[in-house]
Amino acid sequence: MQKTFRLLLAALLPLGACNTDEDLIGSESQPNAFTVVEWTPAPGQFIGENDYAGPDGVVTAASAAAWAQKRLEAHQYVSLGGFGGSITVRFAHPIAAGSSGYDFAIRGNAIDTSNEPGIVWVMPDRNGNGRPDDTWYELRGSETGKTTTLVDYEVTYYRPDAPQSDVRWTDNRGGEGRIEYLPHHHRQDSYYPAWIEADRYTLKGTRLEAHNRYDEGKKQWVNYPYDWGYVDNAGSDLIDGIAVGFRIANAIDASGAPVRLESIDFIRVQTGVNFQSAGNIGEVSTEVCGFEDLTRR
């Protein structure tokens with residue numbers, strides 16, 4: 001969603017910029033080099049507002065991933081849209097699990113009143129083929145195991161029938177709603193990803209309880225933080241004031257049992273909240289600004 005701090009600090013940070021250190025974004029010549037191998041956002045107000053086409057003018061999943069790569073290299077955020085939207089990166093080297101401390105960090109753009117939690121998944125490249133086709137393991141956070149946290153949650157998004165229209169969604173729990181189109185903030189034709197050819201698509205993952213409330217005193221929506229364990233969240237695990245630290249030792253399997261991983265090769269961030277009614281602020285959508293292997297600092 002449009003961050004409150006972007007409105008307050010517009011004079012200090014250009015729209016879309018991340019408050020990030022230069023060494024957090026890797027390139028092929030740096031020790032933190034990573035490649036965006038997949039960017040599959042849910043619909044959202046920061047989706048569809050830029051040109052994702054490749055050199056041939058065609059928008060594909062590969063050209064969208066390449067656009068996301070360039071954004072991160074330019075120290076700009078990549079939005080994941082609403083619930084289930086995700087970005088997957090492959091590091092140029094395995095990230096080893098340490099015995100203590102954080103193993104890697106992911107930068108978002110959260111502040112105390114604007115938190116949009118992204119759930120982190122990790123994968124070792126066990127078959128050695130360089131593709132994220134092994135088993136994903138979720139990293140445990142403060143909301144893991146709570147009755148308000150839903151696993152195996154699914155949301156299906158439907159292509160709008162007309163330009164500049166809301167995006168309808170249904171979930172696998174009988175819920176339904178819309179991601180509202182906000183013409184006063186954005187003017188793109190659709191929040192629906194241009195490279196999704198089907199008229200509907202389903203995203204899956206773990207869903208957290210929303211921490212969003214309307215503050216009558218401030219006359220605005222506030223997205224309260226979670227304790228720890230999530231991207232784009234001002235919890236107790238912040239590093240350098242904005243990047244969030246993660247431990248591979250917090251990996252769990254589909255049943256919630258701890259998993260011992262010696263190292264990982266892939267990281268995926270997934271928007272963890274399904275919340276589309278925060279007035280003129282818009283949907284809750286995790287933003288990612290960069291990745292860092294802390295074991296090589």
# chains A, B, ... in the order shown; residues from 1 in each chain; ligands from 1
>>> residues_around(residues="Asn212 (chain A)", least_positions_apart="3", cutoff="10 Å", atoms="only C-alpha atoms", output="list in words")
Thr113, Ser114, Asn115, Glu116, Glu209, Asp215, Trp221, Val222, Asn223, Tyr224, Pro225, Val273, Phe275, Ser277, Ala278 and Val284 of chain A
>>> select_by_dssp(residues="region 20-193 of chain A", states="helix (DSSP H, G or I)", output="PyMOL selection string")
chain A and resi 22-24+61-73
>>> write_last_selection(atoms="N, CA, C and O atoms", output="tab-separated table (two decimals), in the first residue's frame")
chain	number	residue	atom	x	y	z
A	22	GLU	N	23.94	1.04	0.48
A	22	GLU	CA	24.40	0.57	-0.83
A	22	GLU	C	24.79	-0.90	-0.82
A	22	GLU	O	24.60	-1.60	-1.80
A	23	ASP	N	25.35	-1.38	0.28
A	23	ASP	CA	25.88	-2.74	0.28
A	23	ASP	C	24.82	-3.80	0.52
A	23	ASP	O	25.13	-4.99	0.56
A	24	LEU	N	23.55	-3.41	0.65
A	24	LEU	CA	22.52	-4.41	0.89
A	24	LEU	C	22.05	-5.05	-0.41
A	24	LEU	O	21.59	-6.17	-0.42
A	61	ALA	N	6.55	-13.50	-17.75
A	61	ALA	CA	7.01	-13.70	-16.38
A	61	ALA	C	8.50	-13.40	-16.28
A	61	ALA	O	8.96	-12.84	-15.27
A	62	ALA	N	9.26	-13.75	-17.32
A	62	ALA	CA	10.70	-13.49	-17.31
A	62	ALA	C	11.01	-12.00	-17.38
A	62	ALA	O	11.89	-11.50	-16.68
A	63	SER	N	10.28	-11.25	-18.22
A	63	SER	CA	10.53	-9.81	-18.31
A	63	SER	C	10.11	-9.11	-17.03
A	63	SER	O	10.73	-8.11	-16.62
A	64	ALA	N	9.06	-9.61	-16.37
A	64	ALA	CA	8.64	-9.03	-15.09
A	64	ALA	C	9.70	-9.26	-14.02
A	64	ALA	O	10.00	-8.36	-13.23
A	65	ALA	N	10.28	-10.47	-13.99
A	65	ALA	CA	11.34	-10.77	-13.03
A	65	ALA	C	12.56	-9.90	-13.29
A	65	ALA	O	13.22	-9.43	-12.35
A	66	ALA	N	12.88	-9.67	-14.57
A	66	ALA	CA	14.01	-8.82	-14.93
A	66	ALA	C	13.77	-7.38	-14.48
A	66	ALA	O	14.69	-6.69	-14.02
A	67	TRP	N	12.52	-6.92	-14.60
A	67	TRP	CA	12.17	-5.57	-14.13
A	67	TRP	C	12.36	-5.47	-12.62
A	67	TRP	O	12.91	-4.48	-12.12
A	68	ALA	N	11.92	-6.50	-11.89
A	68	ALA	CA	12.08	-6.51	-10.44
A	68	ALA	C	13.56	-6.50	-10.06
A	68	ALA	O	13.96	-5.83	-9.10
A	69	GLN	N	14.37	-7.23	-10.81
A	69	GLN	CA	15.81	-7.26	-10.56
A	69	GLN	C	16.41	-5.86	-10.69
A	69	GLN	O	17.17	-5.40	-9.83
A	70	LYS	N	16.04	-5.16	-11.74
A	70	LYS	CA	16.56	-3.82	-11.96
A	70	LYS	C	16.11	-2.87	-10.87
A	70	LYS	O	16.87	-1.99	-10.44
A	71	ARG	N	14.88	-3.02	-10.42
A	71	ARG	CA	14.38	-2.18	-9.33
A	71	ARG	C	15.22	-2.35	-8.08
A	71	ARG	O	15.64	-1.37	-7.44
A	72	LEU	N	15.48	-3.59	-7.70
A	72	LEU	CA	16.26	-3.85	-6.49
A	72	LEU	C	17.69	-3.34	-6.64
A	72	LEU	O	18.28	-2.80	-5.69
A	73	GLU	N	18.27	-3.53	-7.83
A	73	GLU	CA	19.63	-3.04	-8.06
A	73	GLU	C	19.70	-1.53	-8.01
A	73	GLU	O	20.75	-0.96	-7.70
>>> atom_distance(atom1="CA of Val36 (chain A)", atom2="CA of Thr88 (chain A)")
5.9 Å
>>> closest_residue(among="A:Arg140, A:Arg107, A:Arg126, A:His75", to="Ala257 (chain A)", atoms="only C-alpha atoms")
A:Arg140
>>> residues_around(residues="Val151 (chain A)", least_positions_apart="3", cutoff="7 Å", atoms="only C-alpha atoms", output="PyMOL selection string")
chain A and resi 205-207
>>> closest_residue(among="A:Gln220, A:Ser99, A:Asn233, A:Thr60", to="Thr271 (chain A)", atoms="only C-alpha atoms")
A:Asn233
>>> residues_around(residues="region 252-255 of chain A", least_positions_apart="6", cutoff="10 Å", atoms="only C-alpha atoms", output="compact mmCIF listing (two decimals) with N, CA, C and O atoms, in the first residue's frame")
# COMPACT_ATOMS: atom_id res chain seq x y z
N TRP A 121 10.13 -17.77 3.29
CA TRP A 121 10.31 -19.20 3.02
C TRP A 121 11.72 -19.40 2.49
O TRP A 121 12.27 -18.53 1.80
N VAL A 122 12.32 -20.54 2.79
CA VAL A 122 13.69 -20.83 2.33
C VAL A 122 13.73 -22.22 1.70
O VAL A 122 12.90 -23.09 2.00
N THR A 135 11.86 -28.43 -1.82
CA THR A 135 10.84 -28.19 -0.80
C THR A 135 11.05 -26.84 -0.13
O THR A 135 12.16 -26.50 0.28
N TRP A 136 9.95 -26.06 -0.05
CA TRP A 136 10.00 -24.79 0.67
C TRP A 136 9.74 -25.01 2.16
O TRP A 136 8.90 -25.81 2.53
N TYR A 137 10.48 -24.28 2.98
CA TYR A 137 10.29 -24.32 4.43
C TYR A 137 10.01 -22.90 4.92
O TYR A 137 10.77 -21.97 4.64
N GLU A 138 8.93 -22.74 5.65
CA GLU A 138 8.60 -21.44 6.23
C GLU A 138 9.52 -21.15 7.41
O GLU A 138 9.92 -22.08 8.13
N LEU A 139 9.87 -19.89 7.60
CA LEU A 139 10.60 -19.50 8.79
C LEU A 139 9.61 -19.06 9.86
O LEU A 139 8.75 -18.20 9.62
N ARG A 140 9.73 -19.65 11.01
CA ARG A 140 8.83 -19.36 12.13
C ARG A 140 8.94 -17.89 12.54
O ARG A 140 10.01 -17.30 12.56
N THR A 144 3.43 -17.72 14.43
CA THR A 144 3.38 -19.15 14.11
C THR A 144 2.68 -19.93 15.22
O THR A 144 2.99 -19.77 16.40
N VAL A 151 -2.81 -21.68 7.98
CA VAL A 151 -1.90 -22.32 7.03
C VAL A 151 -2.73 -22.87 5.87
O VAL A 151 -3.94 -23.07 5.99
N ASP A 152 -2.08 -23.08 4.73
CA ASP A 152 -2.77 -23.57 3.54
C ASP A 152 -3.93 -22.66 3.14
O ASP A 152 -4.98 -23.12 2.70
N LEU A 261 18.43 -27.30 8.61
CA LEU A 261 19.01 -27.05 7.29
C LEU A 261 20.43 -26.53 7.46
O LEU A 261 20.67 -25.60 8.21
>>> closest_residue(among="A:Lys218, A:Arg159, A:Arg260, A:His211", to="Ile196 (chain A)", atoms="only C-alpha atoms")
A:Arg159
>>> atom_distance(atom1="CA of Cys18 (chain A)", atom2="CA of Arg90 (chain A)")
21.0 Å
>>> atom_distance(atom1="CA of Leu203 (chain A)", atom2="CA of Thr286 (chain A)")
14.6 Å
>>> select_by_dssp(residues="region 98-234 of chain A", states="strand (DSSP E or B)", output="PyMOL selection string")
chain A and resi 104-107+111+114+118-123+137-139+150-158+167-171+176-179+200-207+212-215+220-223+231
